[in-house]
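Visitor: So I've got this file, model.tsv, and it contains TSV, C-alpha atoms and all ligand atoms:
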```tsv
chain	number	residue	atom	x	y	z
R	552	MET	CA	33.33	64.40	-76.05
R	553	LYS	CA	33.92	68.16	-75.89
R	554	ASN	CA	34.61	70.37	-78.87
R	555	ILE	CA	36.95	73.20	-77.99
R	556	LEU	CA	37.44	76.30	-80.13
R	557	HIS	CA	40.73	78.03	-79.33
R	558	ILE	CA	40.86	81.59	-80.70
R	559	ILE	CA	44.32	83.18	-80.84
R	560	SER	CA	44.69	86.89	-81.56
R	561	SER	CA	48.16	88.11	-80.56
R	562	PRO	CA	50.44	88.90	-83.49
R	563	ARG	CA	53.35	88.06	-81.20
R	564	VAL	CA	54.16	84.39	-81.56
R	565	GLY	CA	57.27	83.32	-79.63
R	566	ILE	CA	56.86	85.60	-76.62
R	567	SER	CA	53.13	86.14	-76.47
R	568	ASP	CA	51.66	86.43	-72.98
R	569	SER	CA	48.09	85.72	-74.03
R	570	ARG	CA	49.16	82.61	-75.94
R	571	LYS	CA	50.90	81.38	-72.79
R	572	LEU	CA	47.82	81.98	-70.64
R	573	GLY	CA	45.45	80.63	-73.30
R	574	ASN	CA	47.55	77.47	-73.68
R	575	ALA	CA	47.43	76.98	-69.90
R	576	VAL	CA	43.62	77.18	-70.07
R	577	ILE	CA	43.61	74.58	-72.86
R	578	GLU	CA	45.89	72.29	-70.82
R	579	LYS	CA	43.57	72.50	-67.81
R	580	ILE	CA	40.58	71.72	-70.01
R	581	GLN	CA	42.44	68.67	-71.32
R	582	GLU	CA	43.16	67.59	-67.74
R	583	LYS	CA	39.48	67.87	-66.84
R	584	TYR	CA	37.99	66.21	-69.94
R	585	SER	CA	39.70	63.10	-71.30
R	586	ASP	CA	37.98	63.28	-74.68
R	587	VAL	CA	38.40	66.66	-76.40
R	588	VAL	CA	38.71	67.83	-79.98
R	589	ILE	CA	40.52	71.15	-80.26
R	590	LYS	CA	40.04	73.43	-83.23
R	591	GLU	CA	42.56	76.26	-83.37
R	592	ARG	CA	41.57	79.53	-85.03
R	593	ASP	CA	44.81	81.51	-85.17
R	594	LEU	CA	43.70	84.93	-86.41
R	595	THR	CA	47.27	85.96	-87.12
R	596	LYS	CA	48.03	83.02	-89.42
R	597	ASN	CA	44.90	83.57	-91.47
R	598	PRO	CA	43.76	87.12	-90.73
R	599	VAL	CA	40.12	87.94	-91.28
R	600	PRO	CA	39.98	90.93	-93.66
R	601	PHE	CA	38.82	94.33	-92.53
R	602	LEU	CA	35.22	94.96	-93.54
R	603	GLU	CA	34.76	96.36	-97.01
R	604	GLU	CA	31.55	97.29	-98.77
R	605	VAL	CA	31.41	93.96	-100.62
R	606	HIS	CA	31.48	92.07	-97.30
R	607	ILE	CA	28.66	94.12	-95.81
R	608	ASN	CA	26.59	93.80	-99.00
R	609	THR	CA	27.11	90.03	-98.84
R	610	PHE	CA	26.06	89.73	-95.22
R	611	PHE	CA	22.90	91.76	-95.80
R	612	SER	CA	21.65	90.17	-99.04
R	613	PRO	CA	20.06	86.79	-99.83
R	614	ALA	CA	22.41	83.99	-100.90
R	615	GLU	CA	20.54	83.55	-104.21
R	616	SER	CA	21.62	87.05	-105.28
R	617	HIS	CA	25.34	86.58	-104.55
R	618	SER	CA	28.06	87.02	-107.16
R	619	PRO	CA	30.83	84.35	-107.24
R	620	GLU	CA	32.98	86.70	-105.09
R	621	GLN	CA	30.16	87.08	-102.57
R	622	GLU	CA	29.60	83.32	-102.49
R	623	GLU	CA	33.21	82.90	-101.38
R	624	ILE	CA	32.85	85.63	-98.74
R	625	ASN	CA	29.66	84.07	-97.44
R	626	LYS	CA	31.24	80.61	-97.30
R	627	TYR	CA	34.23	81.95	-95.39
R	628	SER	CA	32.08	83.82	-92.85
R	629	GLN	CA	29.78	80.82	-92.39
R	630	GLY	CA	32.84	78.61	-91.84
R	631	LEU	CA	33.98	80.83	-88.98
R	632	ILE	CA	30.48	80.79	-87.52
R	633	ALA	CA	30.23	76.98	-87.87
R	634	GLU	CA	33.31	76.66	-85.64
R	635	LEU	CA	31.51	78.68	-82.98
R	636	GLN	CA	28.30	76.70	-83.38
R	637	GLU	CA	30.12	73.37	-83.06
R	638	ALA	CA	32.09	74.36	-79.96
R	639	ASP	CA	31.05	73.31	-76.46
R	640	ILE	CA	33.84	75.42	-74.98
R	641	ILE	CA	35.41	78.56	-76.45
R	642	VAL	CA	38.79	79.83	-75.28
R	643	VAL	CA	39.59	83.31	-76.52
R	644	GLU	CA	42.98	84.90	-76.00
R	645	SER	CA	42.42	88.62	-75.66
R	646	PRO	CA	45.51	90.72	-74.92
R	647	MET	CA	44.96	94.42	-74.22
R	648	TYR	CA	45.97	96.47	-77.27
R	649	ASN	CA	45.39	100.20	-76.96
R	650	PHE	CA	42.68	99.65	-74.36
R	651	SER	CA	40.81	97.21	-76.58
R	652	VAL	CA	41.26	93.91	-78.42
R	653	PRO	CA	43.83	93.33	-81.20
R	654	ALA	CA	42.47	94.32	-84.61
R	655	THR	CA	42.59	90.64	-85.63
R	656	LEU	CA	39.90	89.83	-83.07
R	657	ARG	CA	37.80	92.88	-83.97
R	658	ALA	CA	37.84	91.82	-87.62
R	659	TYR	CA	36.83	88.28	-86.60
R	660	PHE	CA	33.77	89.61	-84.76
R	661	ASP	CA	32.80	91.61	-87.86
R	662	PHE	CA	32.62	88.32	-89.77
R	663	THR	CA	30.86	86.30	-87.07
R	664	SER	CA	28.24	88.84	-85.91
R	665	ARG	CA	25.53	87.92	-88.39
R	666	ALA	CA	21.76	88.02	-87.96
R	667	GLY	CA	20.27	84.58	-88.40
R	668	TYR	CA	23.50	82.84	-87.41
R	669	THR	CA	24.87	84.12	-84.10
R	670	PHE	CA	21.89	86.31	-83.14
R	671	LYS	CA	18.46	87.29	-84.35
R	672	TYR	CA	15.95	90.01	-83.66
R	673	ASP	CA	12.36	89.25	-82.73
R	674	GLU	CA	9.59	91.13	-80.95
R	675	ASN	CA	11.55	90.84	-77.68
R	676	GLY	CA	14.63	92.47	-79.21
R	677	PRO	CA	17.94	90.72	-79.92
R	678	GLN	CA	18.27	87.02	-79.07
R	679	GLY	CA	21.56	85.10	-79.03
R	680	LEU	CA	21.66	81.90	-81.07
R	681	LEU	CA	24.78	80.29	-79.56
R	682	ASN	CA	23.46	78.91	-76.32
R	683	ASP	CA	24.78	76.35	-73.80
R	684	LYS	CA	28.42	77.13	-74.36
R	685	LYS	CA	31.20	77.98	-71.93
R	686	LEU	CA	33.56	80.86	-72.66
R	687	TYR	CA	37.00	81.32	-71.11
R	688	ILE	CA	38.75	84.64	-71.72
R	689	ALA	CA	42.54	84.71	-71.34
R	690	PHE	CA	43.27	88.41	-70.80
R	691	THR	CA	46.76	89.87	-70.47
R	692	SER	CA	47.84	93.50	-70.10
R	693	GLY	CA	50.70	95.80	-69.22
R	694	ASN	CA	48.62	97.77	-66.73
R	695	ILE	CA	45.97	96.71	-64.21
R	696	TYR	CA	42.26	96.95	-65.05
R	697	SER	CA	40.46	94.59	-62.67
R	698	GLU	CA	40.71	97.23	-59.94
R	699	GLY	CA	42.08	100.71	-59.40
R	700	PRO	CA	42.07	103.95	-61.42
R	701	TYR	CA	42.28	102.34	-64.89
R	702	GLN	CA	39.26	100.07	-64.49
R	703	SER	CA	37.10	102.28	-66.72
R	704	ASN	CA	39.77	102.22	-69.47
R	705	ASP	CA	39.12	98.54	-70.09
R	706	SER	CA	37.37	98.23	-73.45
R	707	ASN	CA	38.64	94.68	-73.82
R	708	VAL	CA	37.07	92.25	-71.34
R	709	PRO	CA	33.66	94.03	-71.18
R	710	TYR	CA	33.63	94.19	-74.99
R	711	VAL	CA	34.46	90.49	-75.49
R	712	LYS	CA	31.81	89.60	-72.90
R	713	ASN	CA	29.28	91.86	-74.66
R	714	ILE	CA	29.89	90.29	-78.05
R	715	PHE	CA	29.63	86.72	-76.80
R	716	GLY	CA	26.69	87.65	-74.56
R	717	PHE	CA	24.95	89.03	-77.64
R	718	TYR	CA	25.58	85.64	-79.30
R	719	GLY	CA	23.93	83.97	-76.28
R	720	VAL	CA	27.11	82.84	-74.52
R	721	LYS	CA	26.56	83.96	-70.94
R	722	ASP	CA	28.63	81.45	-68.97
R	723	VAL	CA	31.99	83.23	-68.88
R	724	SER	CA	35.17	82.92	-66.81
R	725	VAL	CA	37.97	85.47	-67.14
R	726	PHE	CA	41.60	84.74	-66.25
R	727	ARG	CA	43.85	87.78	-66.05
R	728	ALA	CA	47.61	88.23	-66.17
R	729	GLU	CA	47.73	91.95	-65.51
R	730	GLY	CA	50.46	94.43	-64.67
R	731	LEU	CA	52.92	92.74	-67.00
R	732	ALA	CA	54.69	96.10	-67.51
R	733	ILE	CA	54.81	97.00	-63.82
R	734	PRO	CA	57.99	96.13	-61.93
R	735	GLY	CA	57.16	94.30	-58.72
R	736	ILE	CA	54.00	92.83	-60.24
R	737	GLN	CA	55.19	91.54	-63.62
R	738	GLU	CA	57.43	88.91	-62.05
R	739	THR	CA	54.54	86.93	-60.58
R	740	SER	CA	51.50	88.01	-62.60
R	741	MET	CA	51.52	85.21	-65.16
R	742	GLU	CA	52.16	82.50	-62.59
R	743	LYS	CA	49.29	83.79	-60.43
R	744	ALA	CA	46.98	83.93	-63.46
R	745	ILE	CA	47.84	80.36	-64.44
R	746	ASN	CA	47.31	79.18	-60.85
R	747	SER	CA	43.92	80.91	-60.83
R	748	ILE	CA	42.59	78.82	-63.71
R	749	VAL	CA	39.59	76.74	-62.69
R	750	ILE	CA	37.68	74.77	-65.30
R	751	ASP	CA	34.07	74.54	-64.12
R	801	LIG	C1	50.42	97.26	-79.75
R	801	LIG	C2	50.33	97.12	-78.25
R	801	LIG	C3	49.42	97.87	-77.56
R	801	LIG	C4	49.29	97.75	-76.17
R	801	LIG	N1	48.39	98.51	-75.51
R	801	LIG	C5	48.24	98.34	-74.17
R	801	LIG	C6	47.27	99.09	-73.45
R	801	LIG	O1	46.50	99.89	-73.98
R	801	LIG	N2	47.16	98.87	-72.12
R	801	LIG	C7	47.96	97.98	-71.47
R	801	LIG	O2	47.79	97.80	-70.27
R	801	LIG	N3	48.88	97.25	-72.13
R	801	LIG	C8	49.04	97.42	-73.45
R	801	LIG	N4	49.97	96.68	-74.13
R	801	LIG	C9	50.70	95.64	-73.40
R	801	LIG	C10	50.02	94.30	-73.65
R	801	LIG	O3	48.65	94.32	-73.27
R	801	LIG	C11	50.67	93.17	-72.88
R	801	LIG	O4	52.05	93.14	-73.13
R	801	LIG	C12	50.02	91.86	-73.30
R	801	LIG	O5	50.38	90.86	-72.38
R	801	LIG	C13	50.44	91.47	-74.69
R	801	LIG	O6	49.92	90.20	-75.00
R	801	LIG	P1	50.61	89.34	-76.15
R	801	LIG	O7	52.05	89.13	-75.72
R	801	LIG	O8	49.86	88.06	-76.15
R	801	LIG	O9	50.49	90.10	-77.42
R	801	LIG	C14	50.12	96.81	-75.48
R	801	LIG	C15	51.04	96.05	-76.20
R	801	LIG	C16	51.14	96.19	-77.56
R	801	LIG	C17	52.13	95.33	-78.32
```
Show the structure stored in the file as structure tokens.
Guide:
Amino acid sequence: MKNILHIISSPRVGISDSRKLGNAVIEKIQEKYSDVVIKERDLTKNPVPFLEEVHINTFFSPAESHSPEQEEINKYSQGLIAELQEADIIVVESPMYNFSVPATLRAYFDFTSRAGYTFKYDENGPQGLLNDKKLYIAFTSGNIYSEGPYQSNDSNVPYVKNIFGFYGVKDVSVFRAEGLAIPGIQETSMEKAINSIVID
């Protein structure tokens, strides 16, 4: 049995490109593994709040000292982290928004990047705590970033890889539907991306 965590971040619902590509990844996973449990974390249905002082104070103080408000915050953050811990496979939909990830996904990482849960520091420096997981990134963009002059503008895929790598998730495959705003490319980009999906 495989536990799949499906993270959705596009605020667009009906016409979202990344949802289309992410769903295609999920379908291929279902084809490969007969027995899967899929947990959907739609960050637009239940947005993670932007970090406020009370959140940071909660994350950096012992549970015994928490106020009732902080207990709720801690429970919520730990719930998000538990979904990551339980997953064998993580599928994250990561459309390019202003050269980076949607704010929904950024806020999610602020609540899941917690020492003692997803990473720790020891004498060797930072160590990821989420090991032996597979990550699939479904990336979509108007422009092209995998090659050409805009490659260095990509603060999306390298960032998502960095975050998950910091958590210990090093086995990553990226599927890209790029050039979705470029006539001559946009017509076939999604189909090519879907055809490129290999579940290993
Ligand atoms: C708010 C916003 C910002 C965007 N910024 C970029 C960008 O910086 N670079 C780019 O190539 N495309 C950009 N796009 C285009 C999207 O990356 C592209 O349409 C993507 O497939 C959208 O995915 P979605 O439909 O799942 O939201 C942007 C689109 C939106 C709505």
Visitor: Could the residues that lie within 8 Å of ligand LIG 801 (chain R), counting all atoms listed in the file, be listed as a PyMOL selection string?
Guide: chain R and resi 560-564+566-571+644-651+653+690-696+728-732
Visitor: Tell me which of R:Lys626, R:Thr595, R:Asp673, R:Lys579 sits closest to Ala614 (chain R), counting only C-alpha atoms.
Guide: R:Lys626
Visitor: Please report the interatomic distance between CA of Gly630 (chain R) and CA of Lys721 (chain R) in Å with one decimal.
Guide: 22.5 Å
Visitor: With distances taken over all atoms listed in the file, which residue among R:Glu623, R:Asp751, R:Asp661, R:Asp639 lies nearest Asn682 (chain R)?
Guide: R:Asp639
Visitor: How far is it from CA of Glu674 (chain R) to CA of Ser628 (chain R), in Å with one decimal?
Guide: 26.5 Å
Visitor: For a quick check of understanding, using only C-alpha atoms, which of R:Gln678, R:Asn713, R:Thr655, R:Asn704 has the smallest distance to Pro600 (chain R)?
Guide: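 Among the listed residues, R:Thr655 lies closest to Pro600 (chain R).
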Visitor: Name the closest residue to Val720 (chain R) among the candidates R:Thr669, R:Asn746, R:Gln737, R:Gln621; distances are taken between atoms, counting only C-alpha atoms.
Guide: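 For Val720 (chain R), the nearest of the candidates is R:Thr669.
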Visitor: Within 12 Å of (31.7, 89.8, -86.1), all atoms listed in the file: residues as a compact mmCIF listing (two decimals) with C-alpha atoms, in the frame of the given file?
Guide:
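What landed in point_5.txt:
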```txt
# COMPACT_ATOMS: atom_id res chain seq x y z
CA VAL R 599 40.12 87.94 -91.28
CA PRO R 600 39.98 90.93 -93.66
CA PHE R 601 38.82 94.33 -92.53
CA LEU R 602 35.22 94.96 -93.54
CA HIS R 606 31.48 92.07 -97.30
CA ILE R 607 28.66 94.12 -95.81
CA PHE R 610 26.06 89.73 -95.22
CA SER R 628 32.08 83.82 -92.85
CA GLN R 629 29.78 80.82 -92.39
CA LEU R 631 33.98 80.83 -88.98
CA ILE R 632 30.48 80.79 -87.52
CA LEU R 635 31.51 78.68 -82.98
CA ALA R 654 42.47 94.32 -84.61
CA THR R 655 42.59 90.64 -85.63
CA LEU R 656 39.90 89.83 -83.07
CA ARG R 657 37.80 92.88 -83.97
CA ALA R 658 37.84 91.82 -87.62
CA TYR R 659 36.83 88.28 -86.60
CA PHE R 660 33.77 89.61 -84.76
CA ASP R 661 32.80 91.61 -87.86
CA PHE R 662 32.62 88.32 -89.77
CA THR R 663 30.86 86.30 -87.07
CA SER R 664 28.24 88.84 -85.91
CA ARG R 665 25.53 87.92 -88.39
CA ALA R 666 21.76 88.02 -87.96
CA TYR R 668 23.50 82.84 -87.41
CA THR R 669 24.87 84.12 -84.10
CA PHE R 670 21.89 86.31 -83.14
CA VAL R 711 34.46 90.49 -75.49
CA ASN R 713 29.28 91.86 -74.66
CA ILE R 714 29.89 90.29 -78.05
CA PHE R 715 29.63 86.72 -76.80
CA PHE R 717 24.95 89.03 -77.64
CA TYR R 718 25.58 85.64 -79.30
```
Visitor: What is the CA of Leu594 (chain R)-CA of Tyr627 (chain R) distance in Å, reported with one decimal?
Guide: 13.4 Å
Visitor: Between R:Ala633, R:Val642, R:Ser618, R:Gln702, which residue has the minimum interatomic distance to Leu680 (chain R), considering only C-alpha atoms?
Guide: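 Checking each of R:Ala633, R:Val642, R:Ser618, R:Gln702 against Leu680 (chain R), counting only C-alpha atoms, the winner is R:Ala633.
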Visitor: Considering all atoms listed in the file, can you say which of R:Tyr672, R:Glu742, R:Gly735, R:Ile555 comes closest to Ile580 (chain R)?
Guide: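 Looking at the shortest contact to Ile580 (chain R), the residue is R:Ile555.
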Visitor: Using only C-alpha atoms, what residues lie at most 8 Å away from (37.5, 89.9, -70.7) (file coordinates), given as a ChimeraX atom specification?
Guide: /R:645,688-690,707-712,725-726
